[in-house]
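Structure data (CSV, C-alpha atoms and all ligand atoms) from target_11.csv:
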```csv
chain,number,residue,atom,x,y,z
P,182,MET,CA,-15.6,-3.0,-12.6
P,183,VAL,CA,-13.5,-3.9,-9.6
P,184,PRO,CA,-13.9,-1.6,-6.6
P,185,ASN,CA,-11.0,-1.5,-4.1
P,186,ASN,CA,-10.1,1.0,-1.3
P,187,THR,CA,-7.0,1.9,-3.4
P,188,HIS,CA,-5.6,-0.5,-5.9
P,189,PHE,CA,-1.9,-1.3,-5.7
P,190,ASP,CA,-0.3,-0.4,-9.0
P,191,THR,CA,0.3,-3.9,-10.4
P,192,THR,CA,-3.2,-5.0,-9.1
P,193,ARG,CA,-4.7,-2.1,-11.0
P,194,ALA,CA,-2.7,-3.0,-14.1
P,195,ASN,CA,-3.8,-6.7,-13.9
P,196,VAL,CA,-7.5,-5.6,-13.6
P,197,GLU,CA,-7.2,-3.2,-16.5
P,198,PHE,CA,-5.2,-5.7,-18.6
P,199,VAL,CA,-8.2,-8.1,-18.7
P,200,GLY,CA,-10.5,-5.3,-19.8
P,201,ALA,CA,-12.0,-4.4,-16.4
P,202,GLU,CA,-12.1,-1.0,-14.8
P,203,ALA,CA,-10.3,-0.5,-11.5
P,204,VAL,CA,-12.2,1.9,-9.2
P,205,ASP,CA,-10.7,3.4,-6.0
P,206,LEU,CA,-13.3,4.1,-3.3
P,207,VAL,CA,-11.2,5.0,-0.3
P,208,ILE,CA,-13.0,7.4,2.1
P,209,ALA,CA,-12.4,11.2,1.5
P,210,GLU,CA,-10.2,11.4,4.6
P,211,GLY,CA,-7.8,8.9,2.9
P,212,ARG,CA,-7.1,11.4,0.1
P,213,GLN,CA,-5.9,14.2,2.4
P,214,PRO,CA,-2.3,13.5,3.5
P,215,SER,CA,-2.1,15.8,6.6
P,216,LEU,CA,-5.5,14.8,8.0
P,217,LYS,CA,-5.3,12.5,11.0
P,218,HIS,CA,-7.9,9.6,11.1
P,219,PRO,CA,-7.4,6.2,12.7
P,220,PHE,CA,-8.6,4.2,9.7
P,221,LYS,CA,-7.8,6.2,6.6
P,222,GLY,CA,-7.7,3.0,4.6
P,223,ASN,CA,-11.5,2.5,5.0
P,224,MET,CA,-13.7,2.1,1.9
P,225,ASP,CA,-16.6,4.5,1.4
P,226,VAL,CA,-19.5,2.2,2.0
P,227,ALA,CA,-22.2,4.5,0.5
P,228,ALA,CA,-20.0,4.9,-2.6
P,229,LEU,CA,-19.7,1.2,-3.0
P,230,GLU,CA,-23.5,0.8,-2.7
P,231,SER,CA,-24.2,3.5,-5.3
P,232,LEU,CA,-21.6,2.1,-7.7
P,233,ILE,CA,-23.2,-1.4,-7.6
P,234,GLU,CA,-26.7,0.1,-8.0
P,235,LYS,CA,-25.5,2.2,-10.9
P,236,VAL,CA,-23.7,-0.4,-12.9
P,237,GLY,CA,-25.5,-3.6,-11.7
P,238,ARG,CA,-24.0,-6.5,-9.7
P,239,GLU,CA,-23.4,-8.5,-12.9
P,240,ARG,CA,-20.6,-6.0,-13.8
P,241,VAL,CA,-18.9,-6.3,-10.5
P,242,PRO,CA,-17.1,-9.7,-10.4
P,243,LEU,CA,-15.5,-9.0,-7.0
P,244,VAL,CA,-14.8,-6.3,-4.4
P,245,MET,CA,-11.2,-6.0,-3.0
P,246,LEU,CA,-10.0,-4.4,0.2
P,247,THR,CA,-6.3,-3.7,0.5
P,248,VAL,CA,-5.1,-4.2,4.1
P,249,THR,CA,-3.2,-2.1,4.9
P,250,ASN,CA,-3.8,0.3,2.1
P,251,ASN,CA,-0.3,0.6,0.6
P,252,SER,CA,-1.0,3.2,-2.2
P,253,GLY,CA,-3.0,5.2,0.2
P,254,GLY,CA,-0.2,5.7,2.7
P,255,GLY,CA,-0.1,2.2,4.4
P,256,GLN,CA,-3.3,3.1,6.3
P,257,PRO,CA,-5.4,0.5,8.0
P,258,VAL,CA,-9.0,-0.6,7.5
P,259,SER,CA,-11.2,-1.0,10.6
P,260,MET,CA,-13.1,-4.1,11.5
P,261,GLU,CA,-16.3,-2.1,11.4
P,262,ASN,CA,-15.6,-1.1,7.8
P,263,VAL,CA,-14.7,-4.7,6.8
P,264,LYS,CA,-18.0,-5.8,8.3
P,265,ALA,CA,-19.9,-3.1,6.5
P,266,ILE,CA,-18.3,-3.8,3.1
P,267,SER,CA,-18.8,-7.5,3.6
P,268,ALA,CA,-22.5,-6.9,4.3
P,269,VAL,CA,-22.9,-5.0,1.1
P,270,CYS,CA,-21.1,-7.7,-0.9
P,271,ARG,CA,-23.2,-10.5,0.7
P,272,LYS,CA,-26.4,-8.6,0.0
P,273,HIS,CA,-25.5,-8.3,-3.7
P,274,ARG,CA,-23.8,-11.8,-3.8
P,275,ILE,CA,-20.5,-10.4,-4.8
P,276,PRO,CA,-17.3,-12.0,-3.5
P,277,LEU,CA,-15.1,-10.0,-1.2
P,278,TYR,CA,-11.3,-10.5,-1.6
P,279,PHE,CA,-8.6,-9.1,0.6
P,280,ASP,CA,-5.3,-7.9,-0.8
P,281,ALA,CA,-3.8,-9.3,2.4
P,282,CYS,CA,-0.1,-8.4,2.1
P,283,ARG,CA,-0.1,-6.6,5.4
P,284,PHE,CA,-2.9,-8.4,7.2
P,285,ALA,CA,-0.9,-8.6,10.4
P,286,GLU,CA,-0.1,-4.9,10.6
P,287,ASN,CA,-3.7,-4.1,9.9
P,288,SER,CA,-4.8,-6.5,12.7
P,289,TYR,CA,-2.4,-4.7,15.1
P,290,PHE,CA,-3.8,-1.3,14.2
P,291,ILE,CA,-7.3,-2.6,14.9
P,292,LYS,CA,-6.1,-3.9,18.3
P,293,ILE,CA,-4.6,-0.5,19.3
P,294,ARG,CA,-7.2,1.8,17.7
P,295,GLU,CA,-10.6,0.1,17.6
P,296,GLN,CA,-12.8,-0.2,20.6
P,297,GLY,CA,-13.6,-3.8,21.6
P,298,TYR,CA,-10.4,-5.3,20.2
P,299,GLU,CA,-7.8,-4.2,22.8
P,300,HIS,CA,-7.9,-7.6,24.6
P,301,LYS,CA,-7.9,-9.7,21.4
P,302,SER,CA,-4.6,-11.1,20.0
P,303,PRO,CA,-3.5,-10.0,16.5
P,304,LYS,CA,-4.2,-13.6,15.3
P,305,GLU,CA,-7.8,-13.6,16.6
P,306,ILE,CA,-8.4,-10.3,14.9
P,307,ALA,CA,-6.9,-11.6,11.6
P,308,GLN,CA,-9.1,-14.7,11.8
P,309,GLU,CA,-12.2,-12.5,12.4
P,310,MET,CA,-11.3,-10.2,9.5
P,311,PHE,CA,-10.8,-13.1,7.1
P,312,SER,CA,-14.1,-14.7,8.2
P,313,TYR,CA,-15.9,-11.7,6.5
P,314,GLY,CA,-14.3,-12.4,3.1
P,315,ASP,CA,-14.3,-15.0,0.4
P,316,GLY,CA,-10.7,-15.1,-0.5
P,317,CYS,CA,-7.4,-13.2,-0.7
P,318,THR,CA,-4.4,-12.5,-2.7
P,319,MET,CA,-1.1,-12.4,-0.7
P,320,SER,CA,2.4,-11.3,-1.6
P,321,ALA,CA,4.3,-13.2,1.1
P,322,LYS,CA,7.3,-10.8,0.9
P,323,LYS,CA,5.4,-8.6,3.2
P,324,ASP,CA,3.6,-10.1,6.3
P,325,GLY,CA,4.5,-13.6,5.1
P,326,MET,CA,8.1,-12.7,6.2
P,327,ALA,CA,9.4,-14.7,3.2
P,328,ASN,CA,12.0,-13.9,0.7
P,329,ILE,CA,9.7,-14.6,-2.2
P,330,GLY,CA,6.3,-15.9,-3.2
P,331,GLY,CA,2.7,-15.5,-2.5
P,332,PHE,CA,-0.7,-17.2,-2.8
P,333,LEU,CA,-4.3,-16.9,-3.8
P,334,CYS,CA,-7.1,-18.2,-1.5
P,335,THR,CA,-10.7,-18.8,-2.1
P,336,ASN,CA,-13.6,-20.4,-0.1
P,337,ASP,CA,-15.1,-21.6,-3.4
P,338,ASP,CA,-14.0,-25.2,-4.0
P,339,LEU,CA,-14.9,-25.3,-7.7
P,340,LEU,CA,-13.0,-22.1,-8.3
P,341,ALA,CA,-10.0,-23.4,-6.4
P,342,GLN,CA,-10.0,-26.5,-8.7
P,343,GLN,CA,-10.1,-24.3,-11.8
P,344,GLU,CA,-7.4,-22.1,-10.5
P,345,LYS,CA,-5.2,-25.1,-9.6
P,346,ASN,CA,-5.7,-26.5,-13.1
P,347,LEU,CA,-4.7,-23.2,-14.7
P,348,LEU,CA,-1.7,-23.1,-12.4
P,349,ILE,CA,-0.4,-26.4,-13.7
P,350,LEU,CA,-0.5,-24.9,-17.2
P,351,THR,CA,1.2,-21.6,-16.2
P,352,GLU,CA,3.5,-22.4,-13.3
P,353,GLY,CA,3.4,-26.0,-12.0
P,354,TYR,CA,1.5,-28.1,-9.5
P,355,PRO,CA,0.7,-26.2,-6.3
P,356,THR,CA,3.2,-28.1,-4.1
P,357,TYR,CA,6.2,-27.6,-6.4
P,358,GLY,CA,5.4,-25.0,-9.1
P,359,GLY,CA,6.7,-21.5,-9.0
P,360,LEU,CA,7.5,-21.7,-5.3
P,361,ALA,CA,10.1,-24.2,-4.0
P,362,GLY,CA,9.1,-26.3,-1.0
P,363,ARG,CA,11.5,-24.4,1.3
P,364,ASP,CA,9.8,-21.1,0.3
P,365,LEU,CA,6.4,-22.6,1.0
P,366,GLU,CA,7.6,-23.7,4.4
P,367,ALA,CA,9.2,-20.2,5.1
P,368,ILE,CA,5.8,-18.7,4.4
P,369,ALA,CA,4.0,-21.2,6.7
P,370,VAL,CA,6.3,-20.1,9.6
P,371,GLY,CA,6.3,-16.4,8.6
P,372,LEU,CA,2.6,-16.0,8.6
P,373,GLN,CA,2.6,-17.1,12.3
P,374,GLU,CA,5.6,-14.9,13.3
P,375,ALA,CA,4.2,-11.8,11.6
P,376,LEU,CA,1.3,-12.0,14.1
P,377,HIS,CA,3.5,-12.0,17.2
P,378,GLN,CA,2.5,-9.1,19.3
P,379,ASP,CA,6.0,-8.0,20.5
P,380,TYR,CA,7.3,-8.0,16.9
P,381,LEU,CA,4.3,-6.0,15.7
P,382,GLU,CA,4.7,-3.5,18.5
P,383,TYR,CA,8.3,-2.9,17.7
P,384,ARG,CA,7.6,-2.6,14.0
P,385,ILE,CA,4.8,-0.1,14.2
P,386,ALA,CA,6.7,1.9,16.8
P,387,SER,CA,9.8,2.2,14.6
P,388,THR,CA,7.8,3.3,11.6
P,389,ALA,CA,6.1,5.9,13.8
P,390,TYR,CA,9.5,7.0,15.2
P,391,LEU,CA,10.8,7.9,11.8
P,392,GLY,CA,7.5,9.6,10.8
P,393,ASN,CA,7.2,11.6,14.0
P,394,HIS,CA,10.8,12.8,14.0
P,395,ILE,CA,10.6,14.3,10.5
P,396,ALA,CA,7.1,15.6,11.0
P,397,ASP,CA,8.2,17.4,14.2
P,398,GLN,CA,10.7,19.4,12.0
P,399,GLY,CA,8.0,20.4,9.6
P,400,VAL,CA,8.4,17.7,6.9
P,401,PRO,CA,4.9,17.0,5.5
P,402,ILE,CA,3.9,13.3,5.7
P,403,VAL,CA,0.8,11.3,5.4
P,404,GLN,CA,-0.6,11.4,8.9
P,405,PRO,CA,-0.6,9.3,11.0
P,406,PRO,CA,2.5,7.3,9.9
P,407,GLY,CA,1.6,4.0,8.2
P,408,GLY,CA,2.4,0.5,9.2
P,409,HIS,CA,5.2,-0.6,7.0
P,410,ALA,CA,6.2,2.8,5.7
P,411,VAL,CA,6.3,6.6,6.1
P,412,TYR,CA,5.0,8.5,3.1
P,413,ILE,CA,6.3,12.0,2.5
P,414,ASP,CA,3.8,14.4,0.8
P,415,ALA,CA,6.0,15.6,-2.1
P,416,ARG,CA,3.4,18.1,-3.3
P,417,ALA,CA,3.6,19.9,0.0
P,418,PHE,CA,7.4,19.3,0.3
P,419,LEU,CA,8.1,20.8,-3.2
P,420,PRO,CA,5.1,23.1,-3.9
P,421,HIS,CA,7.1,24.8,-6.7
P,422,ILE,CA,7.0,21.5,-8.7
P,423,PRO,CA,3.6,20.8,-10.3
P,424,PRO,CA,2.4,17.2,-10.4
P,425,ASP,CA,3.2,16.8,-14.1
P,426,ARG,CA,6.8,17.5,-13.3
P,427,PHE,CA,6.9,14.5,-10.9
P,428,PRO,CA,7.7,16.1,-7.5
P,429,ALA,CA,7.9,12.7,-5.7
P,430,VAL,CA,10.4,11.4,-8.3
P,431,ALA,CA,12.5,14.5,-7.8
P,432,LEU,CA,12.4,14.1,-4.1
P,433,ALA,CA,13.2,10.3,-4.2
P,434,ASN,CA,16.2,11.1,-6.4
P,435,GLU,CA,17.5,13.7,-4.0
P,436,LEU,CA,17.2,11.3,-1.0
P,437,TYR,CA,19.3,8.8,-2.9
P,438,LEU,CA,21.9,11.3,-3.9
P,439,GLU,CA,22.2,12.8,-0.4
P,440,GLY,CA,22.3,9.6,1.6
P,441,GLY,CA,21.8,6.5,-0.6
P,442,ILE,CA,18.3,6.1,0.7
P,443,ARG,CA,16.1,4.1,-1.7
P,444,SER,CA,12.5,5.1,-1.8
P,445,VAL,CA,9.7,5.0,-4.4
P,446,GLU,CA,7.3,7.5,-6.0
P,447,ILE,CA,3.6,6.8,-5.6
P,448,GLY,CA,2.0,9.5,-7.6
P,449,THR,CA,1.7,10.9,-11.1
P,450,LEU,CA,4.4,8.7,-12.6
P,451,MET,CA,2.7,5.6,-11.2
P,452,PHE,CA,-0.9,6.5,-11.8
P,453,GLY,CA,-0.9,9.2,-14.4
P,454,ALA,CA,-2.9,12.4,-14.3
P,455,SER,CA,-5.6,10.7,-12.1
P,456,ALA,CA,-3.2,10.5,-9.1
P,457,THR,CA,-4.7,12.5,-6.2
P,458,MET,CA,-1.4,12.6,-4.2
P,459,ASP,CA,2.3,12.6,-5.0
P,460,LEU,CA,4.0,10.6,-2.3
P,461,VAL,CA,7.5,9.3,-1.6
P,462,ARG,CA,7.3,6.0,0.2
P,463,LEU,CA,10.0,5.1,2.7
P,464,ALA,CA,9.2,1.4,3.2
P,465,ILE,CA,10.9,-0.2,6.1
P,466,PRO,CA,12.1,-3.8,5.6
P,467,ARG,CA,11.1,-6.2,8.5
P,468,ARG,CA,13.7,-7.1,11.0
P,469,VAL,CA,16.5,-5.3,9.2
P,470,TYR,CA,17.2,-1.8,10.7
P,471,THR,CA,18.5,-0.7,14.0
P,472,GLN,CA,17.6,2.6,15.7
P,473,SER,CA,20.8,4.2,14.3
P,474,HIS,CA,19.9,3.4,10.7
P,475,ILE,CA,16.6,5.1,11.2
P,476,ASP,CA,18.3,8.1,12.8
P,477,PHE,CA,20.5,8.3,9.8
P,478,VAL,CA,17.4,8.4,7.5
P,479,VAL,CA,15.9,11.2,9.7
P,480,GLU,CA,19.1,13.2,9.3
P,481,ILE,CA,19.3,12.9,5.5
P,482,ILE,CA,15.6,13.8,5.1
P,483,LEU,CA,16.2,16.9,7.2
P,484,GLU,CA,19.2,17.9,5.1
P,485,VAL,CA,17.2,17.6,1.9
P,486,TRP,CA,14.3,19.6,3.6
P,487,LYS,CA,16.7,22.5,4.2
P,488,LYS,CA,17.6,22.8,0.5
P,489,ARG,CA,14.1,21.9,-0.9
P,490,GLU,CA,13.8,25.1,-2.9
P,491,GLN,CA,16.7,24.2,-5.1
P,492,ILE,CA,15.2,20.9,-6.2
P,493,GLN,CA,14.1,20.8,-9.8
P,494,GLY,CA,11.2,19.1,-11.5
P,495,MET,CA,11.6,16.1,-13.8
P,496,LYS,CA,10.9,15.5,-17.5
P,497,LEU,CA,9.9,12.1,-18.9
P,498,THR,CA,12.1,10.9,-21.8
P,499,TYR,CA,10.9,7.3,-22.1
P,500,GLU,CA,7.7,5.6,-21.0
P,501,ALA,CA,6.3,2.1,-21.6
P,502,PRO,CA,2.6,1.7,-22.7
P,503,PHE,CA,1.6,0.3,-19.2
P,504,LEU,CA,3.1,0.3,-15.7
P,505,ARG,CA,5.4,3.0,-17.1
P,506,HIS,CA,7.0,3.8,-13.7
P,507,PHE,CA,8.9,0.4,-13.6
P,508,THR,CA,11.1,1.3,-16.6
P,509,ALA,CA,10.6,5.0,-17.2
P,510,LYS,CA,13.5,7.3,-17.9
P,511,LEU,CA,13.5,10.9,-16.7
P,512,GLU,CA,15.9,13.8,-16.5
P,513,PRO,CA,15.9,16.9,-14.3
P,514,GLU,CA,14.5,20.0,-15.9
P,515,PRO,CA,16.7,23.1,-16.0
P,516,ALA,CA,16.2,25.2,-12.9
P,517,GLU,CA,14.8,28.0,-15.0
P,518,ALA,CA,12.0,25.8,-16.4
P,519,THR,CA,10.9,24.9,-12.9
P,520,ALA,CA,11.0,28.6,-11.9
P,521,ALA,CA,9.0,29.5,-15.0
P,522,LEU,CA,6.3,27.0,-14.1
P,523,ARG,CA,6.1,28.5,-10.7
P,524,SER,CA,5.4,32.0,-11.9
E,1,LIG,C1,-0.9,-4.0,-1.5
E,1,LIG,C2,0.0,-4.8,-2.4
E,1,LIG,N1,-0.6,-5.6,-3.3
E,1,LIG,C3,0.2,-6.4,-4.2
E,1,LIG,C4,1.6,-6.2,-4.2
E,1,LIG,C5,2.3,-7.0,-5.3
E,1,LIG,O1,3.2,-7.9,-4.7
E,1,LIG,P1,4.2,-8.7,-5.6
E,1,LIG,O2,5.2,-7.7,-6.1
E,1,LIG,O3,4.8,-9.7,-4.7
E,1,LIG,O4,3.5,-9.3,-6.8
E,1,LIG,C6,2.2,-5.3,-3.4
E,1,LIG,C7,3.7,-5.1,-3.4
E,1,LIG,O5,4.2,-4.2,-2.9
E,1,LIG,C8,1.4,-4.6,-2.4
E,1,LIG,O6,2.0,-3.7,-1.6
```
Could I get this file's structure written as structure tokens?
Ligand SMILES: Cc1ncc(COP(=O)(O)O)c(C=O)c1O
Amino acid sequence: MVPNNTHFDTTRANVEFVGAEAVDLVIAEGRQPSLKHPFKGNMDVAALESLIEKVGRERVPLVMLTVTNNSGGGQPVSMENVKAISAVCRKHRIPLYFDACRFAENSYFIKIREQGYEHKSPKEIAQEMFSYGDGCTMSAKKDGMANIGGFLCTNDDLLAQQEKNLLILTEGYPTYGGLAGRDLEAIAVGLQEALHQDYLEYRIASTAYLGNHIADQGVPIVQPPGGHAVYIDARAFLPHIPPDRFPAVALANELYLEGGIRSVEIGTLMFGASATMDLVRLAIPRRVYTQSHIDFVVEIILEVWKKREQIQGMKLTYEAPFLRHFTAKLEPEPAEATAALRS
């Protein structure tokens, strides 16, 4: 069993692919889109304790914390929570790994929202956070500011050696394998730049600008807006479409047809019937958009909001045996079918 606050889809699939069970233990507040809470990405410490007690530490090879919590609305994890989770892990001698894609944004949220960190730099906060863990996975396309690549870290030298040996078999030697030297160097620079305070301030402010402008007009979003993305609550946006008719897919399609906006469903298509929310993620690439781009996105969402009652549910016509959302094919249901479901 691998506990996480919320597993990212491919992380969950990798855990399940090797025969383990991926368990999401985000706090209850993190499952309610409209509820405001400064650290909705926190893990439920008591739930982690009771899971370990119930199944035994031998069945929990590691605990993961996703910072920020992408599938849960891009919400941050507090330092207090990191410390508490780390203490539980150390007590049971279970390694704690961060899914660290957005470690810099998470650090900035700690700086502006958690008492005692207001005078610390994002880098100092990141260093403190990592000091409580044993390793991390990192997709450097996010807070690594790189075009491609990522890495795996561990503080266990023996494990590192075993991982490097496996890597030679599957990818290549660490200095020239899957990642070219120039990409490794881009990551080395990107990791530093992602921690610049002025950059982080602008980034978090522009995400909040988009979220607040649509929320002010009544569009239901995960509150407060996340770090890298705004998440529209598609169940609340399209209450006439039940989860098994994929409201977030229907809404994502509509945004694309209306204004060429590319978003993604995080919901029932991605996670199946166990999905607790159906969200449309509007992820904002770093250092790409100007204010007028974001204003255009606001305008399109509000246009779609006005005609929301006409949007129809979707029907699956093809699905792969796992990670089905990557290649699924769907078609809109006839309007009468959506109306019948509603009544
Ligand atoms: C939290 C999280 N973990 C893992 C990944 C996977 O990254 P990659 O696609 O580079 O493997 C992502 C990608 O969006 C992510 O957001």
Q: Set the cut-off to 8 Å, count only C-alpha atoms and all ligand atoms, and list whatever residues fall near ligand LIG 1 (chain E) as a list in words.
A: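 Answer in the requested format: His188, Phe189, Asp190, Thr191, Thr192, Thr247, Val248, Thr249, Asn250, Asn251, Ser252, Asp280, Ala281, Cys282, Arg283, Thr318, Met319, Ser320, Ala321, Lys322, Lys323, Ile329, Gly330 and Gly331 of chain P.
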(Q) Applying 6 Å and only C-alpha atoms, which residues near range 490-505 of chain P remain after dropping the ones on its own chain fewer than 4 positions away? List them as JSON, numbers by chain. (A) {"P": [422, 426, 427, 509, 510, 511, 512, 513, 514, 516, 519]}
Q. Which of these residues is nearest to Tyr437 in chain P, using only C-alpha atoms: P:Ala464, P:Leu333, P:Leu381, P:Val478?
A.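 When distances to Tyr437 in chain P are compared using only C-alpha atoms, the smallest one comes from P:Val478.
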Q | Atom-to-atom span, CA of Ala396 in chain P and CA of Leu216 in chain P, Å | A |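 Here the two named atoms are 13.0 Å from each other.
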Q | Shell of 8 Å around Met310 in chain P, all atoms listed in the file, local chain residues under 4 positions omitted, as a PyMOL selection string | A | chain P and resi 260+263+306+314
Q: Go ahead and compute the interatomic distance for CA of Ala415 in chain P and CA of Glu517 in chain P, in Å to one decimal.
A: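 CA of Glu517 in chain P lies 19.9 Å from CA of Ala415 in chain P.
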**Q.** Non-local contacts of Arg443 in chain P (10 Å; all atoms listed in the file; under 5 positions in same chain excluded) as a PyMOL selection string
**A.** chain P and resi 433-438+462-464
Q) Out of P:Arg271, P:Lys221, P:Arg489, P:His474, which residue has the shortest atom-to-atom distance to Gly440 in chain P when counting all atoms listed in the file? A)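 For Gly440 in chain P, the nearest of the candidates is P:His474.
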Q) Which neighbours of His218 in chain P fall inside 9 Å, counting only C-alpha atoms, when residues of the same chain fewer than 4 positions from it are skipped, and could you give them as JSON, numbers by chain? A) {"P": [210, 211, 404, 405]}
Q | Two-atom distance - CA of Phe311 in chain P, CA of Glu286 in chain P (Å) | A | 13.9 Å
**Q.** Nearest candidate to Tyr289 in chain P (options P:Val244, P:Val370, P:Val461, P:Leu376; using all atoms listed in the file)
**A.** P:Leu376
Give me, as a compact mmCIF listing (two decimals) with C-alpha atoms, in the coordinates of the input, all polymer residues having an atom no more than 12 Å from Glu366 in chain P, counting all atoms listed in the file and skipping those fewer than 3 positions away in the same chain.
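Saved as selection07.txt:
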```txt
# COMPACT_ATOMS: atom_id res chain seq x y z
CA ALA P 321 4.30 -13.20 1.10
CA GLY P 325 4.50 -13.60 5.10
CA MET P 326 8.10 -12.70 6.20
CA ALA P 327 9.40 -14.70 3.20
CA ASN P 328 12.00 -13.90 0.70
CA ILE P 329 9.70 -14.60 -2.20
CA GLY P 330 6.30 -15.90 -3.20
CA GLY P 331 2.70 -15.50 -2.50
CA THR P 356 3.20 -28.10 -4.10
CA TYR P 357 6.20 -27.60 -6.40
CA LEU P 360 7.50 -21.70 -5.30
CA ALA P 361 10.10 -24.20 -4.00
CA GLY P 362 9.10 -26.30 -1.00
CA ARG P 363 11.50 -24.40 1.30
CA ALA P 369 4.00 -21.20 6.70
CA VAL P 370 6.30 -20.10 9.60
CA GLY P 371 6.30 -16.40 8.60
CA LEU P 372 2.60 -16.00 8.60
CA GLN P 373 2.60 -17.10 12.30
```
Q.
Please list, as a PyMOL selection string, the residues that have an atom at most 12 Å away from (8.2, 14.4, 12.0) in the coordinates of this file, counting only C-alpha atoms.
A. chain P and resi 215+388-406+411-413+476+478-480+482-483+486
**Q.** Among listed residues P:Asn223, P:Thr449, P:Ser267, P:Asn336, nearest Gly253 in chain P (using all atoms listed in the file)
**A.**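 Checking each candidate against Gly253 in chain P, we get P:Asn223 as the closest.
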Q: Tell me which of P:His421, P:Arg384, P:His273, P:Lys292 sits closest to Gly407 in chain P, counting only C-alpha atoms.
A: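 Once distances to Gly407 in chain P are computed over only C-alpha atoms, the minimum belongs to P:Arg384.
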Write out N, CA and C atoms for range 341-354 of chain P, as a short mmCIF file (atom, residue, chain, number, x, y, z; two decimals), in the frame of the given file.
```cif
data_model
loop_
_atom_site.label_atom_id
_atom_site.label_comp_id
_atom_site.auth_asym_id
_atom_site.auth_seq_id
_atom_site.Cartn_x
_atom_site.Cartn_y
_atom_site.Cartn_z
N ALA P 341 -11.39 -22.99 -6.83
CA ALA P 341 -10.00 -23.40 -6.40
C ALA P 341 -9.53 -24.50 -7.38
N GLN P 342 -10.41 -25.42 -7.74
CA GLN P 342 -10.00 -26.50 -8.70
C GLN P 342 -9.62 -25.91 -10.01
N GLN P 343 -10.45 -24.96 -10.49
CA GLN P 343 -10.10 -24.30 -11.80
C GLN P 343 -8.82 -23.57 -11.73
N GLU P 344 -8.60 -22.90 -10.62
CA GLU P 344 -7.40 -22.10 -10.50
C GLU P 344 -6.15 -23.07 -10.44
N LYS P 345 -6.30 -24.19 -9.73
CA LYS P 345 -5.20 -25.10 -9.60
C LYS P 345 -4.87 -25.72 -11.02
N ASN P 346 -5.93 -25.99 -11.80
CA ASN P 346 -5.70 -26.50 -13.10
C ASN P 346 -4.98 -25.52 -14.02
N LEU P 347 -5.37 -24.27 -13.91
CA LEU P 347 -4.70 -23.20 -14.70
C LEU P 347 -3.25 -23.07 -14.25
N LEU P 348 -3.05 -23.20 -12.96
CA LEU P 348 -1.70 -23.10 -12.40
C LEU P 348 -0.75 -24.11 -12.97
N ILE P 349 -1.27 -25.33 -13.17
CA ILE P 349 -0.40 -26.40 -13.70
C ILE P 349 0.09 -25.97 -15.10
N LEU P 350 -0.81 -25.30 -15.82
CA LEU P 350 -0.50 -24.90 -17.20
C LEU P 350 0.55 -23.71 -17.12
N THR P 351 0.37 -22.78 -16.19
CA THR P 351 1.20 -21.60 -16.20
C THR P 351 2.40 -21.59 -15.32
N GLU P 352 2.37 -22.44 -14.31
CA GLU P 352 3.50 -22.40 -13.30
C GLU P 352 3.93 -23.74 -12.88
N GLY P 353 3.02 -24.64 -12.55
CA GLY P 353 3.40 -26.00 -12.00
C GLY P 353 2.35 -26.37 -11.00
N TYR P 354 2.45 -27.59 -10.54
CA TYR P 354 1.50 -28.10 -9.50
C TYR P 354 1.71 -27.31 -8.23
#
```
